[in-house]
Amino acid sequence: MIDHARDLVSVRDATERLLSAAVKLDDAAVTEPSRLPGWTRGHVLAHLARNADALVNVLQGRPMYVSGEARDADIERDAPRPLDVQLADVRDSAARFQEAGAVPADWSRTVELRGGVTDSVSRVPFRRWAEVELHHVDLGIGYELEDLPEEFVEREIDFLAARFTGHADVPPTRLTNGTRAWSTGREAGAPDITVTGSRPDLLGWLAGRRDGSGLTVDGGPLPALPPL
């Protein structure tokens with residue numbers, strides 16, 4: 001069962017880790033490329049702030065974003081800001097998210113996210129946790145997939161494997177790190193392909209952060225995953 005209150009604490013802790021690392025940057029570093037194609041570190045920080053506010057909208061029953069175009073425009077507008085402004089925005093928006101999450105509410109209700117995706121509101125804090133952890137890695141400032149909390153890695157693999165389950169373009173696939181297995185892709189009586197690797201490498205591939213070169217594949221080529 002999802003413990004949204006515990007996940008809110010994990011979000012807070014992950015945000016503090018990111019801010020403590022990012023404060024060591026300077027204004028020039030903010031304008032340098034991140035690990036996400038086409039985005040600087042400033043884009044990543046701006047996205048983190050605007051995503052926090054967007055998830056406040058979700059918690060309070062409003063559309064996550066006015067539109068996809070408005071979301072992209074806000075990130076482009078905020079990306080060039082100096083480091084101190086970026087970090088203050090990330091911190092302040094994170095505080096607004098925590099405040100919204102602390103309000104007594106029906107945590108069993110279903111909410112709508114970006115692109116018409118629906119989910120239990122109780123999973124919103126975990127979704128935010130994923131944003132903070134993965135984008136910390138995307139900043140390229142020394143925080144790697146191997147540094148992610150074990151609980152987060154396990155749950156994010158669960159989440160992403162479930163996300164691709166039933167997807168017509170992904171063959172029936174078994175994922176394993178040698179001690180645990182996950183299934184994803186099209187439904188079938190038996191998997192066509194087995195992908196083996198460490199949890200960080202499995203997560204990196206599922207989340208589009210690694211190309212899968214650290215994985216072992218049996219039964220065919222490594223499946224191409226659709227974008228998240």
# chains A, B, ... in the order shown; residues from 1 in each chain; ligands from 1
$ residues_around --residues "Asn57 of chain A" --least-positions-apart "2" --cutoff "12 Å" --atoms "only C-alpha atoms" --output "compact mmCIF listing (two decimals) with C-alpha atoms, in the first residue's frame"
# COMPACT_ATOMS: atom_id res chain seq x y z
CA ARG A 50 7.58 24.30 -12.46
CA ASN A 51 6.83 20.59 -12.00
CA ALA A 52 6.44 21.12 -8.25
CA ASP A 53 3.90 23.87 -8.91
CA ALA A 54 2.16 21.71 -11.52
CA LEU A 55 1.77 18.90 -8.98
CA LEU A 59 -3.30 18.02 -5.53
CA GLN A 60 -5.69 20.98 -5.45
CA GLY A 61 -7.91 19.73 -8.26
CA ARG A 62 -6.69 21.94 -11.10
CA PRO A 63 -5.19 20.94 -14.47
CA MET A 64 -1.51 20.09 -14.13
CA TYR A 65 -0.50 22.54 -16.87
CA VAL A 66 -2.51 25.11 -18.82
CA SER A 93 8.25 25.55 -5.09
CA ARG A 96 4.63 24.78 -1.73
CA PHE A 97 4.38 21.14 -2.77
CA ALA A 100 -0.16 21.14 -0.36
CA GLY A 101 0.65 17.54 0.53
CA VAL A 111 -6.45 12.64 -10.40
CA GLU A 112 -5.46 13.61 -13.93
CA LEU A 113 -1.85 14.31 -14.80
CA ARG A 114 -0.14 15.51 -17.97
CA VAL A 121 -3.47 10.89 -5.84
CA VAL A 124 1.69 11.84 -6.68
$ closest_atom_pairs --of "segment 61-169 of chain A" --to "segment 11-29 of chain A" --cutoff "12 Å" --atoms "only C-alpha atoms" --output "Markdown table"
| residue | atom | partner | partner_atom | distance |
| --- | --- | --- | --- | --- |
| A:Ala79 | CA | A:Asp27 | CA | 11.4 |
| A:Pro80 | CA | A:Asp27 | CA | 9.2 |
| A:Arg81 | CA | A:Asp27 | CA | 8.3 |
| A:Pro82 | CA | A:Asp27 | CA | 5.3 |
| A:Leu83 | CA | A:Asp27 | CA | 5.2 |
| A:Asp84 | CA | A:Val23 | CA | 8.0 |
| A:Val85 | CA | A:Asp27 | CA | 10.0 |
| A:Gln86 | CA | A:Ala22 | CA | 9.8 |
| A:Leu87 | CA | A:Leu19 | CA | 6.8 |
| A:Ala88 | CA | A:Leu19 | CA | 9.3 |
| A:Asp89 | CA | A:Leu19 | CA | 10.8 |
| A:Val90 | CA | A:Leu19 | CA | 8.1 |
| A:Arg91 | CA | A:Leu19 | CA | 7.7 |
| A:Asp92 | CA | A:Thr15 | CA | 11.0 |
| A:Ser93 | CA | A:Thr15 | CA | 10.7 |
| A:Ala94 | CA | A:Thr15 | CA | 7.6 |
| A:Ala95 | CA | A:Arg12 | CA | 8.6 |
| A:Arg96 | CA | A:Arg12 | CA | 11.3 |
| A:Phe97 | CA | A:Arg12 | CA | 9.6 |
| A:Gln98 | CA | A:Arg12 | CA | 7.7 |
| A:Glu99 | CA | A:Arg12 | CA | 11.2 |
| A:Gly101 | CA | A:Val11 | CA | 10.9 |
| A:Val124 | CA | A:Val11 | CA | 10.6 |
| A:Pro125 | CA | A:Val11 | CA | 7.0 |
| A:Phe126 | CA | A:Val11 | CA | 7.6 |
| A:Arg127 | CA | A:Val11 | CA | 9.3 |
| A:Arg128 | CA | A:Val11 | CA | 6.7 |
| A:Trp129 | CA | A:Val11 | CA | 4.8 |
| A:Ala130 | CA | A:Val11 | CA | 8.5 |
| A:Glu131 | CA | A:Val11 | CA | 9.2 |
| A:Val132 | CA | A:Thr15 | CA | 6.3 |
| A:Glu133 | CA | A:Ala14 | CA | 6.4 |
| A:Leu134 | CA | A:Ala14 | CA | 10.2 |
| A:His135 | CA | A:Leu18 | CA | 9.0 |
| A:His136 | CA | A:Leu18 | CA | 5.9 |
| A:Val137 | CA | A:Leu18 | CA | 9.2 |
| A:Asp138 | CA | A:Leu18 | CA | 11.0 |
| A:Leu139 | CA | A:Ala22 | CA | 8.6 |
| A:Gly140 | CA | A:Ala22 | CA | 10.1 |
| A:Ile141 | CA | A:Ala21 | CA | 7.5 |
| A:Gly142 | CA | A:Ala21 | CA | 8.5 |
| A:Tyr143 | CA | A:Ala21 | CA | 8.6 |
| A:Glu144 | CA | A:Leu18 | CA | 11.9 |
| A:Asp147 | CA | A:Arg17 | CA | 11.1 |
| A:Leu148 | CA | A:Ala14 | CA | 9.3 |
| A:Pro149 | CA | A:Ala14 | CA | 9.3 |
| A:Phe152 | CA | A:Ala14 | CA | 10.5 |
$ residues_around --residues "Leu160 of chain A" --least-positions-apart "2" --cutoff "12 Å" --atoms "only C-alpha atoms" --output "PyMOL selection string"
chain A and resi 127+130+152-158+162-165+167+175+182-185+202-208+225-228
$ select_by_dssp --residues "segment 76-144 of chain A" --states "helix (DSSP H, G or I)" --output "MDAnalysis selection string"
chainID A and resid 76:78 83:102 114:116 121:138
$ select_by_dssp --residues "chain A" --states "strand (DSSP E or B)" --output "CSV table (one decimal) with N, CA, C and O atoms, in the first residue's frame"
chain,number,residue,atom,x,y,z
A,33,PRO,N,25.4,22.3,-20.8
A,33,PRO,CA,24.5,21.2,-21.1
A,33,PRO,C,24.3,20.3,-20.0
A,33,PRO,O,25.3,20.0,-19.2
A,40,THR,N,20.0,22.7,-20.9
A,40,THR,CA,21.1,23.1,-20.0
A,40,THR,C,20.7,22.6,-18.6
A,40,THR,O,19.6,22.2,-18.3
A,110,THR,N,-8.9,9.6,-7.6
A,110,THR,CA,-8.1,9.6,-8.8
A,110,THR,C,-7.9,11.0,-9.4
A,110,THR,O,-8.9,11.8,-9.3
A,111,VAL,N,-6.7,11.3,-9.9
A,111,VAL,CA,-6.4,12.6,-10.4
A,111,VAL,C,-5.9,12.5,-11.8
A,111,VAL,O,-5.5,11.4,-12.2
A,112,GLU,N,-6.0,13.6,-12.6
A,112,GLU,CA,-5.5,13.6,-13.9
A,112,GLU,C,-4.1,14.3,-14.0
A,112,GLU,O,-4.0,15.4,-13.4
A,118,THR,N,-4.1,9.3,-15.8
A,118,THR,CA,-4.8,9.3,-14.5
A,118,THR,C,-4.1,8.4,-13.6
A,118,THR,O,-3.4,7.4,-14.0
A,119,ASP,N,-4.1,8.7,-12.3
A,119,ASP,CA,-3.5,7.9,-11.2
A,119,ASP,C,-4.1,8.2,-9.9
A,119,ASP,O,-4.8,9.2,-9.8
A,120,SER,N,-3.9,7.3,-8.9
A,120,SER,CA,-4.3,7.6,-7.6
A,120,SER,C,-3.5,8.8,-7.1
A,120,SER,O,-2.3,8.9,-7.3
A,173,THR,N,9.0,-9.3,-22.2
A,173,THR,CA,10.3,-9.2,-21.7
A,173,THR,C,10.4,-9.5,-20.2
A,173,THR,O,9.5,-9.0,-19.4
A,174,ARG,N,11.4,-10.3,-19.8
A,174,ARG,CA,11.7,-10.5,-18.4
A,174,ARG,C,12.9,-9.7,-18.0
A,174,ARG,O,13.9,-9.8,-18.7
A,175,LEU,N,12.8,-9.0,-16.9
A,175,LEU,CA,13.9,-8.2,-16.4
A,175,LEU,C,14.4,-8.9,-15.1
A,175,LEU,O,13.5,-9.2,-14.3
A,176,THR,N,15.7,-9.0,-14.9
A,176,THR,CA,16.1,-9.6,-13.7
A,176,THR,C,17.5,-9.0,-13.3
A,176,THR,O,18.3,-8.7,-14.2
A,181,ALA,N,12.8,-10.6,-10.3
A,181,ALA,CA,12.5,-10.5,-11.8
A,181,ALA,C,11.2,-9.7,-11.9
A,181,ALA,O,10.4,-9.6,-11.0
A,182,TRP,N,11.1,-9.0,-13.0
A,182,TRP,CA,10.0,-8.2,-13.4
A,182,TRP,C,9.6,-8.6,-14.8
A,182,TRP,O,10.4,-9.0,-15.6
A,183,SER,N,8.3,-8.4,-15.2
A,183,SER,CA,7.8,-8.6,-16.5
A,183,SER,C,7.3,-7.3,-17.1
A,183,SER,O,6.8,-6.5,-16.4
A,184,THR,N,7.5,-7.2,-18.4
A,184,THR,CA,7.0,-6.0,-19.1
A,184,THR,C,6.8,-6.3,-20.6
A,184,THR,O,7.1,-7.4,-21.0
A,193,ILE,N,12.2,-12.3,-24.4
A,193,ILE,CA,13.5,-11.8,-24.2
A,193,ILE,C,13.8,-11.7,-22.7
A,193,ILE,O,12.9,-11.4,-21.9
A,194,THR,N,15.0,-12.0,-22.3
A,194,THR,CA,15.4,-11.8,-20.9
A,194,THR,C,16.5,-10.8,-20.8
A,194,THR,O,17.5,-11.0,-21.5
A,195,VAL,N,16.3,-9.8,-20.0
A,195,VAL,CA,17.3,-8.7,-19.8
A,195,VAL,C,17.8,-8.8,-18.4
A,195,VAL,O,17.1,-8.7,-17.5
A,196,THR,N,19.2,-8.9,-18.3
A,196,THR,CA,19.8,-9.1,-17.0
A,196,THR,C,20.8,-8.0,-16.7
A,196,THR,O,21.6,-7.6,-17.6
A,216,THR,N,22.8,-7.6,-20.1
A,216,THR,CA,22.9,-8.9,-20.9
A,216,THR,C,21.6,-9.2,-21.5
A,216,THR,O,20.6,-9.2,-20.7
A,217,VAL,N,21.5,-9.6,-22.7
A,217,VAL,CA,20.2,-9.8,-23.4
A,217,VAL,C,20.2,-11.2,-24.0
A,217,VAL,O,21.1,-11.6,-24.7
A,218,ASP,N,19.2,-12.0,-23.7
A,218,ASP,CA,19.0,-13.3,-24.3
A,218,ASP,C,17.6,-13.4,-25.0
A,218,ASP,O,16.6,-12.9,-24.5
$ residues_around --residues "Asp74 of chain A" --least-positions-apart "4" --cutoff "9 Å" --atoms "only C-alpha atoms" --output "MDAnalysis selection string"
chainID A and resid 46:47 50 69:70 78:79
$ closest_residue --among "A:Pro104, A:Gly212, A:Gly219, A:Gly166" --to "His4 of chain A" --atoms "only C-alpha atoms"
A:Pro104
$ closest_residue --among "A:Gly214, A:Ala105, A:Arg209, A:Met1" --to "Ser34 of chain A" --atoms "only C-alpha atoms"
A:Arg209
$ closest_residue --among "A:Ile75, A:Ala168, A:Gly220, A:Gly178" --to "Arg41 of chain A" --atoms "only C-alpha atoms"
A:Ile75
$ decode --residues "segment 91-112 of chain A" --atoms "N, CA, C and O atoms" --output "PDB file, in the first residue's frame"
ATOM      1  N   ARG A  91      13.655  25.598  -4.209  1.00  0.00           N
ATOM      2  CA  ARG A  91      13.355  25.443  -2.787  1.00  0.00           C
ATOM      3  C   ARG A  91      11.943  25.934  -2.451  1.00  0.00           C
ATOM      4  O   ARG A  91      11.183  25.251  -1.755  1.00  0.00           O
ATOM      5  N   ASP A  92      11.565  27.096  -2.986  1.00  0.00           N
ATOM      6  CA  ASP A  92      10.254  27.669  -2.656  1.00  0.00           C
ATOM      7  C   ASP A  92       9.117  26.833  -3.245  1.00  0.00           C
ATOM      8  O   ASP A  92       8.089  26.617  -2.599  1.00  0.00           O
ATOM      9  N   SER A  93       9.286  26.378  -4.475  1.00  0.00           N
ATOM     10  CA  SER A  93       8.247  25.549  -5.088  1.00  0.00           C
ATOM     11  C   SER A  93       8.144  24.204  -4.385  1.00  0.00           C
ATOM     12  O   SER A  93       7.043  23.655  -4.234  1.00  0.00           O
ATOM     13  N   ALA A  94       9.281  23.671  -3.934  1.00  0.00           N
ATOM     14  CA  ALA A  94       9.258  22.417  -3.172  1.00  0.00           C
ATOM     15  C   ALA A  94       8.494  22.598  -1.862  1.00  0.00           C
ATOM     16  O   ALA A  94       7.744  21.704  -1.431  1.00  0.00           O
ATOM     17  N   ALA A  95       8.665  23.756  -1.233  1.00  0.00           N
ATOM     18  CA  ALA A  95       7.930  24.036   0.012  1.00  0.00           C
ATOM     19  C   ALA A  95       6.429  24.115  -0.259  1.00  0.00           C
ATOM     20  O   ALA A  95       5.617  23.618   0.541  1.00  0.00           O
ATOM     21  N   ARG A  96       6.053  24.711  -1.388  1.00  0.00           N
ATOM     22  CA  ARG A  96       4.628  24.785  -1.732  1.00  0.00           C
ATOM     23  C   ARG A  96       4.053  23.388  -1.949  1.00  0.00           C
ATOM     24  O   ARG A  96       2.908  23.104  -1.551  1.00  0.00           O
ATOM     25  N   PHE A  97       4.839  22.504  -2.566  1.00  0.00           N
ATOM     26  CA  PHE A  97       4.378  21.136  -2.769  1.00  0.00           C
ATOM     27  C   PHE A  97       4.192  20.419  -1.436  1.00  0.00           C
ATOM     28  O   PHE A  97       3.190  19.731  -1.222  1.00  0.00           O
ATOM     29  N   GLN A  98       5.152  20.590  -0.531  1.00  0.00           N
ATOM     30  CA  GLN A  98       5.029  19.952   0.783  1.00  0.00           C
ATOM     31  C   GLN A  98       3.813  20.488   1.541  1.00  0.00           C
ATOM     32  O   GLN A  98       3.084  19.719   2.193  1.00  0.00           O
ATOM     33  N   GLU A  99       3.579  21.781   1.456  1.00  0.00           N
ATOM     34  CA  GLU A  99       2.415  22.375   2.123  1.00  0.00           C
ATOM     35  C   GLU A  99       1.112  21.818   1.568  1.00  0.00           C
ATOM     36  O   GLU A  99       0.185  21.489   2.317  1.00  0.00           O
ATOM     37  N   ALA A 100       1.040  21.692   0.243  1.00  0.00           N
ATOM     38  CA  ALA A 100      -0.165  21.144  -0.362  1.00  0.00           C
ATOM     39  C   ALA A 100      -0.364  19.681   0.031  1.00  0.00           C
ATOM     40  O   ALA A 100      -1.495  19.228   0.251  1.00  0.00           O
ATOM     41  N   GLY A 101       0.738  18.940   0.154  1.00  0.00           N
ATOM     42  CA  GLY A 101       0.647  17.543   0.534  1.00  0.00           C
ATOM     43  C   GLY A 101       0.275  17.329   1.986  1.00  0.00           C
ATOM     44  O   GLY A 101      -0.194  16.246   2.358  1.00  0.00           O
ATOM     45  N   ALA A 102       0.469  18.349   2.808  1.00  0.00           N
ATOM     46  CA  ALA A 102       0.159  18.232   4.240  1.00  0.00           C
ATOM     47  C   ALA A 102      -1.303  18.535   4.548  1.00  0.00           C
ATOM     48  O   ALA A 102      -1.762  18.290   5.672  1.00  0.00           O
ATOM     49  N   VAL A 103      -2.044  19.049   3.585  1.00  0.00           N
ATOM     50  CA  VAL A 103      -3.454  19.391   3.806  1.00  0.00           C
ATOM     51  C   VAL A 103      -4.280  18.105   3.869  1.00  0.00           C
ATOM     52  O   VAL A 103      -4.154  17.244   2.984  1.00  0.00           O
ATOM     53  N   PRO A 104      -5.117  17.926   4.902  1.00  0.00           N
ATOM     54  CA  PRO A 104      -5.969  16.727   4.970  1.00  0.00           C
ATOM     55  C   PRO A 104      -6.813  16.591   3.698  1.00  0.00           C
ATOM     56  O   PRO A 104      -7.393  17.566   3.222  1.00  0.00           O
ATOM     57  N   ALA A 105      -6.829  15.386   3.135  1.00  0.00           N
ATOM     58  CA  ALA A 105      -7.525  15.185   1.865  1.00  0.00           C
ATOM     59  C   ALA A 105      -7.884  13.714   1.709  1.00  0.00           C
ATOM     60  O   ALA A 105      -7.422  12.856   2.465  1.00  0.00           O
ATOM     61  N   ASP A 106      -8.679  13.432   0.703  1.00  0.00           N
ATOM     62  CA  ASP A 106      -9.008  12.065   0.341  1.00  0.00           C
ATOM     63  C   ASP A 106      -7.902  11.539  -0.561  1.00  0.00           C
ATOM     64  O   ASP A 106      -7.860  11.849  -1.759  1.00  0.00           O
ATOM     65  N   TRP A 107      -7.008  10.760  -0.005  1.00  0.00           N
ATOM     66  CA  TRP A 107      -5.854  10.287  -0.750  1.00  0.00           C
ATOM     67  C   TRP A 107      -6.159   9.043  -1.585  1.00  0.00           C
ATOM     68  O   TRP A 107      -5.260   8.477  -2.208  1.00  0.00           O
ATOM     69  N   SER A 108      -7.437   8.643  -1.630  1.00  0.00           N
ATOM     70  CA  SER A 108      -7.806   7.504  -2.479  1.00  0.00           C
ATOM     71  C   SER A 108      -8.382   7.955  -3.820  1.00  0.00           C
ATOM     72  O   SER A 108      -8.622   7.127  -4.699  1.00  0.00           O
ATOM     73  N   ARG A 109      -8.567   9.251  -4.003  1.00  0.00           N
ATOM     74  CA  ARG A 109      -9.219   9.736  -5.219  1.00  0.00           C
ATOM     75  C   ARG A 109      -8.278   9.617  -6.424  1.00  0.00           C
ATOM     76  O   ARG A 109      -7.057   9.533  -6.273  1.00  0.00           O
ATOM     77  N   THR A 110      -8.862   9.646  -7.600  1.00  0.00           N
ATOM     78  CA  THR A 110      -8.108   9.601  -8.844  1.00  0.00           C
ATOM     79  C   THR A 110      -7.941  11.016  -9.384  1.00  0.00           C
ATOM     80  O   THR A 110      -8.875  11.817  -9.345  1.00  0.00           O
ATOM     81  N   VAL A 111      -6.736  11.314  -9.852  1.00  0.00           N
ATOM     82  CA  VAL A 111      -6.448  12.642 -10.398  1.00  0.00           C
ATOM     83  C   VAL A 111      -5.911  12.495 -11.812  1.00  0.00           C
ATOM     84  O   VAL A 111      -5.452  11.426 -12.217  1.00  0.00           O
ATOM     85  N   GLU A 112      -5.968  13.603 -12.563  1.00  0.00           N
ATOM     86  CA  GLU A 112      -5.459  13.610 -13.929  1.00  0.00           C
ATOM     87  C   GLU A 112      -4.139  14.349 -13.980  1.00  0.00           C
ATOM     88  O   GLU A 112      -3.999  15.443 -13.436  1.00  0.00           O
TER      89      GLU A 112
END
